[in-house]
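Here is the file upload.pdb (PDB, C-alpha atoms and all ligand atoms).
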ATOM      1  CA  MET C   1      38.212  -9.844 243.777
ATOM      2  CA  VAL C   2      41.526 -10.097 242.052
ATOM      3  CA  GLU C   3      45.109  -9.106 242.647
ATOM      4  CA  VAL C   4      47.784  -9.356 239.988
ATOM      5  CA  LEU C   5      51.311 -10.103 241.192
ATOM      6  CA  ALA C   6      54.314 -10.156 238.857
ATOM      7  CA  VAL C   7      57.210 -12.342 240.008
ATOM      8  CA  ALA C   8      60.322 -10.492 238.874
ATOM      9  CA  SER C   9      64.051 -10.329 239.551
ATOM     10  CA  GLY C  10      66.399  -8.264 237.400
ATOM     11  CA  LYS C  11      68.636 -11.298 236.785
ATOM     12  CA  GLY C  12      68.091 -14.637 235.067
ATOM     13  CA  GLY C  13      67.952 -17.957 236.866
ATOM     14  CA  THR C  14      67.132 -16.610 240.328
ATOM     15  CA  GLY C  15      64.149 -18.941 240.692
ATOM     16  CA  LYS C  16      61.228 -16.836 239.426
ATOM     17  CA  THR C  17      59.487 -19.712 237.683
ATOM     18  CA  THR C  18      60.069 -22.048 240.625
ATOM     19  CA  ALA C  19      58.733 -19.341 242.950
ATOM     20  CA  THR C  20      55.729 -18.514 240.750
ATOM     21  CA  LEU C  21      54.539 -22.121 240.818
ATOM     22  CA  ALA C  22      55.362 -22.574 244.507
ATOM     23  CA  LEU C  23      53.581 -19.380 245.579
ATOM     24  CA  GLY C  24      50.723 -20.317 243.266
ATOM     25  CA  MET C  25      50.283 -23.706 244.915
ATOM     26  CA  GLY C  26      50.606 -22.201 248.388
ATOM     27  CA  LEU C  27      48.067 -19.450 247.688
ATOM     28  CA  ALA C  28      45.733 -21.962 246.005
ATOM     29  CA  GLU C  29      44.953 -23.366 249.454
ATOM     30  CA  GLU C  30      43.061 -20.174 250.158
ATOM     31  CA  TYR C  31      42.380 -18.506 246.816
ATOM     32  CA  ASP C  32      41.417 -19.243 243.266
ATOM     33  CA  VAL C  33      44.833 -18.886 241.591
ATOM     34  CA  THR C  34      45.877 -18.509 237.957
ATOM     35  CA  VAL C  35      49.534 -18.626 236.944
ATOM     36  CA  VAL C  36      50.628 -17.236 233.568
ATOM     37  CA  ASP C  37      53.983 -17.581 231.821
ATOM     38  CA  THR C  38      54.431 -13.999 230.631
ATOM     39  CA  ASP C  39      58.123 -14.621 229.944
ATOM     40  CA  THR C  40      57.049 -15.076 226.323
ATOM     41  CA  GLY C  41      60.554 -14.712 224.850
ATOM     42  CA  MET C  42      62.164 -17.384 227.053
ATOM     43  CA  ALA C  43      59.132 -19.363 228.124
ATOM     44  CA  ASN C  44      59.880 -22.382 230.266
ATOM     45  CA  LEU C  45      57.167 -22.622 232.895
ATOM     46  CA  LEU C  46      55.614 -25.379 230.785
ATOM     47  CA  PHE C  47      58.638 -27.591 231.538
ATOM     48  CA  HIS C  48      58.367 -26.920 235.288
ATOM     49  CA  ALA C  49      54.693 -27.878 235.277
ATOM     50  CA  GLY C  50      54.609 -30.955 233.048
ATOM     51  CA  LEU C  51      52.814 -29.075 230.278
ATOM     52  CA  ALA C  52      55.390 -29.406 227.494
ATOM     53  CA  ASP C  53      53.015 -31.358 225.249
ATOM     54  CA  VAL C  54      49.777 -29.437 225.617
ATOM     55  CA  PRO C  55      48.028 -28.481 222.361
ATOM     56  CA  VAL C  56      47.270 -24.789 222.984
ATOM     57  CA  THR C  57      49.383 -22.252 224.869
ATOM     58  CA  LEU C  58      49.531 -18.505 225.422
ATOM     59  CA  GLN C  59      51.497 -18.224 222.170
ATOM     60  CA  ASP C  60      48.477 -19.458 220.223
ATOM     61  CA  LEU C  61      46.405 -16.698 221.817
ATOM     62  CA  LEU C  62      48.864 -14.022 220.685
ATOM     63  CA  VAL C  63      49.110 -14.954 216.999
ATOM     64  CA  GLY C  64      46.583 -15.155 214.181
ATOM     65  CA  GLU C  65      43.068 -13.813 214.260
ATOM     66  CA  GLY C  66      42.083 -14.818 217.754
ATOM     67  CA  ASP C  67      41.371 -18.390 216.666
ATOM     68  CA  HIS C  68      41.458 -19.745 220.211
ATOM     69  CA  PRO C  69      39.388 -18.597 223.171
ATOM     70  CA  VAL C  70      41.550 -17.840 226.243
ATOM     71  CA  SER C  71      40.042 -20.825 228.090
ATOM     72  CA  GLU C  72      41.686 -23.249 225.650
ATOM     73  CA  ALA C  73      45.140 -22.309 226.988
ATOM     74  CA  VAL C  74      44.156 -22.727 230.655
ATOM     75  CA  TYR C  75      45.083 -26.047 232.299
ATOM     76  CA  HIS C  76      43.891 -26.975 235.762
ATOM     77  CA  ARG C  77      46.840 -28.644 237.473
ATOM     78  CA  PHE C  78      48.129 -28.867 241.052
ATOM     79  CA  GLY C  79      45.045 -27.074 242.388
ATOM     80  CA  MET C  80      45.464 -23.964 240.250
ATOM     81  CA  ASP C  81      44.905 -22.777 236.683
ATOM     82  CA  ILE C  82      48.082 -22.599 234.602
ATOM     83  CA  VAL C  83      48.533 -20.759 231.308
ATOM     84  CA  PRO C  84      51.822 -21.994 229.825
ATOM     85  CA  CYS C  85      53.573 -20.326 226.904
ATOM     86  CA  GLY C  86      55.026 -22.267 223.984
ATOM     87  CA  THR C  87      58.620 -21.915 222.828
ATOM     88  CA  SER C  88      58.280 -21.548 219.051
ATOM     89  CA  LEU C  89      60.552 -18.743 217.840
ATOM     90  CA  GLU C  90      58.383 -18.233 214.797
ATOM     91  CA  ALA C  91      55.259 -17.802 216.896
ATOM     92  CA  PHE C  92      57.155 -15.434 219.204
ATOM     93  CA  ARG C  93      58.085 -13.297 216.203
ATOM     94  CA  ASP C  94      54.505 -13.229 214.945
ATOM     95  CA  ALA C  95      52.957 -12.606 218.367
ATOM     96  CA  ASP C  96      51.117  -9.373 218.980
ATOM     97  CA  PRO C  97      52.177  -8.278 222.479
ATOM     98  CA  SER C  98      49.255  -5.907 222.844
ATOM     99  CA  ARG C  99      47.018  -8.961 222.814
ATOM    100  CA  LEU C 100      48.673 -10.152 226.033
ATOM    101  CA  GLN C 101      46.927  -7.289 227.805
ATOM    102  CA  ASP C 102      43.565  -8.584 226.637
ATOM    103  CA  VAL C 103      44.423 -12.131 227.686
ATOM    104  CA  ILE C 104      45.415 -10.965 231.172
ATOM    105  CA  ALA C 105      42.281  -8.820 231.405
ATOM    106  CA  THR C 106      40.143 -11.841 230.512
ATOM    107  CA  LEU C 107      41.920 -14.052 233.062
ATOM    108  CA  ALA C 108      41.559 -11.349 235.746
ATOM    109  CA  GLU C 109      37.779 -11.581 235.447
ATOM    110  CA  ARG C 110      37.758 -15.207 236.594
ATOM    111  CA  THR C 111      40.326 -15.583 239.390
ATOM    112  CA  ASP C 112      41.362 -14.227 242.806
ATOM    113  CA  VAL C 113      45.123 -14.121 242.339
ATOM    114  CA  LEU C 114      46.887 -13.822 239.026
ATOM    115  CA  LEU C 115      50.616 -14.608 239.208
ATOM    116  CA  LEU C 116      52.722 -13.494 236.244
ATOM    117  CA  ASP C 117      56.056 -15.256 235.781
ATOM    118  CA  SER C 118      58.030 -12.336 234.349
ATOM    119  CA  PRO C 119      61.103 -12.003 232.144
ATOM    120  CA  ALA C 120      64.417 -11.500 233.912
ATOM    121  CA  THR C 121      65.375  -8.191 232.351
ATOM    122  CA  LEU C 122      63.560  -5.049 231.305
ATOM    123  CA  GLY C 123      64.952  -5.233 227.775
ATOM    124  CA  SER C 124      61.823  -4.871 225.652
ATOM    125  CA  ARG C 125      58.236  -3.706 225.629
ATOM    126  CA  ASP C 126      57.055  -7.308 226.072
ATOM    127  CA  ALA C 127      59.389  -7.719 229.026
ATOM    128  CA  VAL C 128      58.156  -4.699 230.976
ATOM    129  CA  LEU C 129      54.473  -5.391 230.355
ATOM    130  CA  PRO C 130      53.867  -7.751 233.318
ATOM    131  CA  ILE C 131      55.559  -5.337 235.712
ATOM    132  CA  VAL C 132      53.671  -2.316 234.431
ATOM    133  CA  ILE C 133      50.234  -3.912 234.572
ATOM    134  CA  ALA C 134      50.635  -5.815 237.861
ATOM    135  CA  ASP C 135      49.287  -4.420 241.122
ATOM    136  CA  ARG C 136      52.453  -5.477 242.927
ATOM    137  CA  ILE C 137      55.699  -7.299 242.249
ATOM    138  CA  VAL C 138      57.364 -10.046 244.254
ATOM    139  CA  LEU C 139      61.131  -9.779 243.805
ATOM    140  CA  VAL C 140      63.057 -13.065 243.797
ATOM    141  CA  VAL C 141      66.777 -12.458 244.190
ATOM    142  CA  GLN C 142      69.860 -14.239 245.380
ATOM    143  CA  PRO C 143      71.396 -12.717 248.505
ATOM    144  CA  THR C 144      74.255 -10.883 246.865
ATOM    145  CA  ILE C 145      74.789  -7.170 246.413
ATOM    146  CA  PRO C 146      74.778  -7.263 242.562
ATOM    147  CA  ALA C 147      71.547  -9.298 242.549
ATOM    148  CA  ILE C 148      69.872  -6.920 244.979
ATOM    149  CA  THR C 149      71.080  -3.937 242.975
ATOM    150  CA  ASP C 150      69.403  -5.343 239.855
ATOM    151  CA  GLY C 151      66.274  -6.122 241.864
ATOM    152  CA  LEU C 152      66.203  -2.511 243.038
ATOM    153  CA  LYS C 153      66.297  -1.333 239.406
ATOM    154  CA  VAL C 154      63.187  -3.416 238.743
ATOM    155  CA  GLN C 155      61.592  -1.956 241.872
ATOM    156  CA  GLU C 156      62.369   1.576 240.709
ATOM    157  CA  TYR C 157      60.894   0.858 237.309
ATOM    158  CA  ALA C 158      57.791  -0.768 238.785
ATOM    159  CA  THR C 159      57.060   1.985 241.275
ATOM    160  CA  ALA C 160      57.526   4.617 238.549
ATOM    161  CA  TYR C 161      54.541   2.988 236.827
ATOM    162  CA  GLY C 162      52.435   2.743 239.962
ATOM    163  CA  THR C 163      53.185  -0.928 240.721
ATOM    164  CA  ASP C 164      53.899  -1.552 244.408
ATOM    165  CA  VAL C 165      56.293  -4.052 245.951
ATOM    166  CA  ALA C 166      54.714  -6.967 247.844
ATOM    167  CA  GLY C 167      58.118  -7.998 249.100
ATOM    168  CA  LEU C 168      61.436  -9.651 248.485
ATOM    169  CA  VAL C 169      62.241 -13.369 248.506
ATOM    170  CA  PHE C 170      65.846 -14.451 248.885
ATOM    171  CA  ASN C 171      66.328 -17.706 246.990
ATOM    172  CA  LYS C 172      69.200 -20.178 246.648
ATOM    173  CA  VAL C 173      70.514 -19.168 250.029
ATOM    174  CA  HIS C 174      73.697 -20.983 251.075
ATOM    175  CA  ASP C 175      74.216 -19.403 254.419
ATOM    176  CA  PRO C 176      71.388 -18.062 256.616
ATOM    177  CA  GLU C 177      73.912 -15.848 258.455
ATOM    178  CA  GLU C 178      74.763 -14.051 255.264
ATOM    179  CA  VAL C 179      71.071 -13.425 254.642
ATOM    180  CA  SER C 180      70.383 -11.962 258.035
ATOM    181  CA  HIS C 181      73.191  -9.472 257.449
ATOM    182  CA  ILE C 182      71.938  -8.581 253.970
ATOM    183  CA  THR C 183      68.298  -8.486 255.104
ATOM    184  CA  ASP C 184      69.067  -5.648 257.478
ATOM    185  CA  ARG C 185      70.660  -3.667 254.673
ATOM    186  CA  ALA C 186      68.041  -4.611 252.055
ATOM    187  CA  GLY C 187      65.243  -3.488 254.379
ATOM    188  CA  GLU C 188      66.480   0.084 254.012
ATOM    189  CA  TYR C 189      66.073   0.048 250.250
ATOM    190  CA  VAL C 190      63.319  -2.386 249.372
ATOM    191  CA  SER C 191      59.860  -0.817 249.419
ATOM    192  CA  GLY C 192      58.235  -3.980 250.792
ATOM    193  CA  PRO C 193      59.053  -6.533 253.492
ATOM    194  CA  VAL C 194      61.581  -9.337 253.200
ATOM    195  CA  LEU C 195      59.112 -12.220 252.832
ATOM    196  CA  GLY C 196      61.576 -14.988 253.547
ATOM    197  CA  ALA C 197      64.705 -16.898 252.595
ATOM    198  CA  VAL C 198      64.645 -20.129 250.600
ATOM    199  CA  PRO C 199      67.702 -22.357 250.949
ATOM    200  CA  MET C 200      69.723 -23.772 248.085
ATOM    201  CA  ASP C 201      68.142 -27.203 247.834
ATOM    202  CA  GLU C 202      68.655 -30.035 245.358
ATOM    203  CA  ALA C 203      64.904 -30.773 245.633
ATOM    204  CA  ALA C 204      64.195 -27.669 243.523
ATOM    205  CA  ARG C 205      66.374 -28.915 240.684
ATOM    206  CA  GLU C 206      64.887 -32.399 240.928
ATOM    207  CA  ALA C 207      61.378 -30.954 240.759
ATOM    208  CA  ARG C 208      62.314 -29.066 237.605
ATOM    209  CA  LYS C 209      63.755 -32.253 236.072
ATOM    210  CA  ALA C 210      60.610 -34.174 236.973
ATOM    211  CA  GLY C 211      58.417 -31.473 235.427
ATOM    212  CA  THR C 212      56.513 -31.108 238.700
ATOM    213  CA  PRO C 213      56.244 -27.922 240.802
ATOM    214  CA  LEU C 214      58.375 -28.041 243.946
ATOM    215  CA  LEU C 215      55.370 -28.016 246.299
ATOM    216  CA  ALA C 216      53.987 -31.112 244.562
ATOM    217  CA  HIS C 217      57.330 -32.855 244.129
ATOM    218  CA  ALA C 218      58.863 -32.256 247.563
ATOM    219  CA  PRO C 219      56.550 -30.145 249.758
ATOM    220  CA  ASP C 220      58.475 -30.999 252.927
ATOM    221  CA  SER C 221      61.921 -30.248 251.518
ATOM    222  CA  PRO C 222      63.679 -27.226 253.034
ATOM    223  CA  ALA C 223      63.004 -25.116 249.919
ATOM    224  CA  GLY C 224      59.423 -26.389 249.617
ATOM    225  CA  SER C 225      58.504 -25.545 253.185
ATOM    226  CA  ALA C 226      60.190 -22.136 252.940
ATOM    227  CA  PHE C 227      58.112 -21.253 249.866
ATOM    228  CA  ALA C 228      54.952 -22.568 251.558
ATOM    229  CA  SER C 229      55.429 -20.285 254.546
ATOM    230  CA  ILE C 230      56.190 -17.307 252.291
ATOM    231  CA  ALA C 231      52.935 -17.964 250.424
ATOM    232  CA  SER C 232      50.955 -18.092 253.648
ATOM    233  CA  ALA C 233      52.512 -14.804 254.792
ATOM    234  CA  LEU C 234      51.539 -13.001 251.577
ATOM    235  CA  ASP C 235      48.478 -10.869 252.157
ATOM    236  CA  ILE C 236      46.409 -10.567 249.050
ATOM    237  CA  GLU C 237      44.986  -7.109 248.450
ATOM    238  CA  ALA C 238      42.000  -7.692 246.267
ATOM    239  CA  ALA C 239      40.503  -5.124 243.943
ATOM    240  CA  ASP C 240      37.295  -5.069 241.934
ATOM    241  CA  PRO C 241      37.859  -7.425 238.948
ATOM    242  CA  ASP C 242      35.923  -5.293 236.457
ATOM    243  CA  ARG C 243      37.977  -2.229 237.254
ATOM    244  CA  VAL C 244      41.188  -4.244 237.117
ATOM    245  CA  ALA C 245      40.272  -5.801 233.768
ATOM    246  CA  ASP C 246      39.507  -2.373 232.406
ATOM    247  CA  ARG C 247      42.833  -1.031 233.649
ATOM    248  CA  PHE C 248      44.722  -3.876 231.933
ATOM    249  CA  ARG C 249      42.977  -3.394 228.627
ATOM    250  CA  ASN C 250      43.739   0.322 228.631
ATOM    251  CA  ALA C 251      47.244   0.377 230.147
ATOM    252  CA  VAL C 252      49.793   2.156 228.005
ATOM    253  CA  ILE C 253      52.910   0.016 227.929
ATOM    254  CA  PRO C 254      56.073   2.100 227.606
ATOM    255  CA  ASP C 255      59.037   1.237 225.422
ATOM    256  CA  ALA C 256      61.756  -0.447 227.454
ATOM    257  CA  PRO C 257      64.038   1.864 229.485
TER     258      PRO C 257
HETATM  259  N1  LIG C 301      66.150 -22.913 246.103
HETATM  260  C1  LIG C 301      66.736 -23.515 245.061
HETATM  261  N2  LIG C 301      67.749 -24.393 245.257
HETATM  262  C2  LIG C 301      68.363 -25.011 244.213
HETATM  263  N3  LIG C 301      68.023 -24.854 242.929
HETATM  264  C3  LIG C 301      67.015 -23.984 242.673
HETATM  265  C4  LIG C 301      66.318 -23.280 243.709
HETATM  266  N4  LIG C 301      65.367 -22.492 243.128
HETATM  267  C5  LIG C 301      65.465 -22.709 241.801
HETATM  268  N5  LIG C 301      66.444 -23.602 241.519
HETATM  269  C6  LIG C 301      66.874 -24.121 240.199
HETATM  270  O1  LIG C 301      67.505 -23.055 239.502
HETATM  271  C7  LIG C 301      67.198 -23.146 238.120
HETATM  272  C8  LIG C 301      66.556 -21.828 237.687
HETATM  273  O2  LIG C 301      65.306 -21.704 238.351
HETATM  274  P1  LIG C 301      64.069 -21.019 237.626
HETATM  275  O3  LIG C 301      63.886 -21.569 236.275
HETATM  276  O4  LIG C 301      62.925 -21.066 238.568
HETATM  277  O5  LIG C 301      64.655 -19.537 237.547
HETATM  278  P2  LIG C 301      64.120 -18.276 236.692
HETATM  279  O6  LIG C 301      64.453 -17.074 237.481
HETATM  280  O7  LIG C 301      62.701 -18.486 236.332
HETATM  281  O8  LIG C 301      65.050 -18.382 235.411
HETATM  282  P3  LIG C 301      64.879 -17.531 234.044
HETATM  283  O9  LIG C 301      65.440 -16.173 234.330
HETATM  284  O10 LIG C 301      65.700 -18.328 233.080
HETATM  285  O11 LIG C 301      63.413 -17.513 233.716
HETATM  286  C9  LIG C 301      66.272 -24.345 237.940
HETATM  287  O12 LIG C 301      67.037 -25.474 237.571
HETATM  288  C10 LIG C 301      65.694 -24.541 239.339
HETATM  289  O13 LIG C 301      65.335 -25.890 239.576
HETATM  290 MG    MG C 302      61.757 -18.413 234.449
END
Re-express the file's structure as structure tokens.
Amino acid sequence: MVEVLAVASGKGGTGKTTATLALGMGLAEEYDVTVVDTDTGMANLLFHAGLADVPVTLQDLLVGEGDHPVSEAVYHRFGMDIVPCGTSLEAFRDADPSRLQDVIATLAERTDVLLLDSPATLGSRDAVLPIVIADRIVLVVQPTIPAITDGLKVQEYATAYGTDVAGLVFNKVHDPEEVSHITDRAGEYVSGPVLGAVPMDEAAREARKAGTPLLAHAPDSPAGSAFASIASALDIEAADPDRVADRFRNAVIPDAP
């Protein structure tokens, strides 16, 4: 069984990478989880997960003549498999994005849940790829109207390509009151449930500085426990891995909108 979830937002800095690792660790209590940094242009999951110095990353799988097997870029950390992406601009330029589909297809054959940390915007073919090939997206937005509006654009794009919405996570919440008001409104427009609200919490920034995912660094912090309960509320809808892998290999990725 496998389900592929893209963690997306529509805006930068909303907490996608933090959420990807937190949901990954939460889901890893029940499932075999693989997390991939598909934000190949602005990769930074490696810094959140203490993998800045690893020898092989996703970038190495996307350049050259397939010199590295996919397994060489997979690191077992914090109870899950993590595929970080390097930050070399030269390698990014030389990368063949179509190969990312093959990498994801290969990873889908060997895991239960594949979480794709996605780029903030839909500005390029590389950027839309995770959203187009995922089964569902998890939207991570701040509880403001402009942020939700951008999240809804991502939702519209995703659903146009047959990707469903698993739900919406409000992150960096200052005031729970404000969220309950916005949640009522958002519920009318978002195609999935509001999964939860994660407070603004210094522990998240400290975890990032320490290079340790929030649920390892401060699991009992307000933000850590909010992400943990969101992960446990996420129902995984598993599909047949062979069919999924086939779908990824053959997906036609559109040019950006
Ligand atoms: N709940 C929170 N409270 C406080 N700080 C947070 C919270 N969630 C994330 N952050 C911090 O906000 C910053 C951005 O988070 P993160 O890198 O996860 O966002 P992103 O959406 O992946 O960004 P990008 O669009 O650049 O990929 C980081 O310093 C992170 O530690
Ligand atoms: Mg990120």
### Message
Given the PyMOL selection byres (((chain C and resi 137-142) around 6) and not hetatm) and the file above, list the residues it selects as a ChimeraX atom specification.
### Response
/C:5-9,14,136,143-144,147,165-171
### Message
as a PyMOL selection string, please: every protein or nucleic acid residue near ligand LIG 301 (chain C) (cut-off 7 Å, counting all atoms listed in the file).
### Response
chain C and resi 11-19+42+44+119-120+171-173+198-208+223
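Comparing C:Ala49, C:Ile148, C:Ala158, C:Val33 by their smallest distance to ligand MG 302 (chain C), the closest is C:Ala49 (using all atoms listed in the file).
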### Task
Give as a ChimeraX atom specification each residue that has an atom at most 9 Å from (58.9, -4.7, 225.7) in the file, counting all atoms listed in the file.
/C:97,122-129,253-256
Same residues, C-alpha atoms, saved as a PDB file, in the frame of the given file:
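After the write, part04.pdb holds the following:
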ATOM      1  CA  PRO C  97      52.177  -8.278 222.479  1.00  0.00           C
ATOM      2  CA  LEU C 122      63.560  -5.049 231.305  1.00  0.00           C
ATOM      3  CA  GLY C 123      64.952  -5.233 227.775  1.00  0.00           C
ATOM      4  CA  SER C 124      61.823  -4.871 225.652  1.00  0.00           C
ATOM      5  CA  ARG C 125      58.236  -3.706 225.629  1.00  0.00           C
ATOM      6  CA  ASP C 126      57.055  -7.308 226.072  1.00  0.00           C
ATOM      7  CA  ALA C 127      59.389  -7.719 229.026  1.00  0.00           C
ATOM      8  CA  VAL C 128      58.156  -4.699 230.976  1.00  0.00           C
ATOM      9  CA  LEU C 129      54.473  -5.391 230.355  1.00  0.00           C
ATOM     10  CA  ILE C 253      52.910   0.016 227.929  1.00  0.00           C
ATOM     11  CA  PRO C 254      56.073   2.100 227.606  1.00  0.00           C
ATOM     12  CA  ASP C 255      59.037   1.237 225.422  1.00  0.00           C
ATOM     13  CA  ALA C 256      61.756  -0.447 227.454  1.00  0.00           C
TER      14      ALA C 256
END
### Task
For CA of Ala160 (chain C) and CA of Asp135 (chain C), quote the distance in Å rounded to one decimal.
12.5 Å
Hey, what's within 12 Å of Ala52 (chain C) if we count all atoms listed in the file and toss same-chain stuff fewer than 6 positions away? As a PDB file with C-alpha atoms, in the frame of the given file, please?
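Printed below is result.pdb as written:
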ATOM      1  CA  ALA C  43      59.132 -19.363 228.124  1.00  0.00           C
ATOM      2  CA  ASN C  44      59.880 -22.382 230.266  1.00  0.00           C
ATOM      3  CA  LEU C  45      57.167 -22.622 232.895  1.00  0.00           C
ATOM      4  CA  LEU C  46      55.614 -25.379 230.785  1.00  0.00           C
ATOM      5  CA  TYR C  75      45.083 -26.047 232.299  1.00  0.00           C
ATOM      6  CA  VAL C  83      48.533 -20.759 231.308  1.00  0.00           C
ATOM      7  CA  PRO C  84      51.822 -21.994 229.825  1.00  0.00           C
ATOM      8  CA  CYS C  85      53.573 -20.326 226.904  1.00  0.00           C
ATOM      9  CA  GLY C  86      55.026 -22.267 223.984  1.00  0.00           C
ATOM     10  CA  THR C  87      58.620 -21.915 222.828  1.00  0.00           C
ATOM     11  CA  SER C  88      58.280 -21.548 219.051  1.00  0.00           C
ATOM     12  CA  ALA C 210      60.610 -34.174 236.973  1.00  0.00           C
ATOM     13  CA  GLY C 211      58.417 -31.473 235.427  1.00  0.00           C
ATOM     14  CA  THR C 212      56.513 -31.108 238.700  1.00  0.00           C
TER      15      THR C 212
END
### Message
Could you tell me, as a list in words, exactly which residues end up selected when the PyMOL selection byres (((chain C and resi 93) around 12) and not hetatm) is applied to this structure?
### Response
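Applied to this file, the PyMOL selection byres (((chain C and resi 93) around 12) and not hetatm) returns Thr40, Gly41, Gln59, Leu62, Val63, Gly64, Thr87, Ser88, Leu89, Glu90, Ala91, Phe92, Asp94, Ala95, Asp96, Pro97 and Asp126 of chain C.
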#### Entry: Hits from the PyMOL selection byres (((chain C and resi 191) around 10) and not hetatm), listed as a list of chain:residue names
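Evaluating the PyMOL selection byres (((chain C and resi 191) around 10) and not hetatm) on this file yields C:Leu152, C:Gln155, C:Glu156, C:Thr159, C:Asp164, C:Val165, C:Ala166, C:Gly167, C:Leu168, C:Ala186, C:Gly187, C:Glu188, C:Tyr189, C:Val190, C:Gly192, C:Pro193, C:Val194.
Among the candidates C:Ala216, C:Leu195, C:Ile182, C:Leu107, the residue lying nearest to Arg77 (chain C) is C:Ala216 (atoms considered: all atoms listed in the file).
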### Task
In Å, rounded to a single decimal, give me how far CA of Glu3 (chain C) is from CA of Asp235 (chain C).
10.2 Å
### Query
If you measure from CA of Ala233 (chain C) to CA of Leu51 (chain C), what distance in Å do you get, rounded to one decimal?
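Atom-to-atom, CA of Ala233 (chain C) and CA of Leu51 (chain C) are spaced 28.4 Å apart.
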### Task
Extract, using all atoms listed in the file, all DNA, RNA and protein residues at most 7 Å from Val113 (chain C), discarding same-chain residues fewer than 2 positions from it, and format them as an NGL selection string.
:C and (2-4 or 31-34 or 111 or 115)
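Nearest residue to Ala105 (chain C), choosing from C:Ala134, C:Ala226, C:Ala28, C:Leu215 and counting all atoms listed in the file: C:Ala134.
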### Task
Compare C:Ala108, C:Ala73, C:Leu116, C:Ala197 by their minimum atom-to-atom distance to ligand MG 302 (chain C), counting only C-alpha atoms and all ligand atoms, and give me the closest one.
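Answer, going by the shortest atom-to-atom distance: C:Leu116.
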Can you tell me, as AutoDock Vina command-line options, the centre and edge lengths (Å, one decimal) of the axis-aligned box enclosing all of region 228-247 of chain C's listed atoms after padding each side by 3 Å?
--center_x 46.1 --center_y -11.8 --center_z 243.6 --size_x 26.3 --size_y 27.5 --size_z 28.4
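Compared by their closest atoms to ligand MG 302 (chain C), and using all atoms listed in the file, the residues C:Glu237, C:Asp39, C:Glu65, C:Asp220 rank with C:Asp39 nearest.
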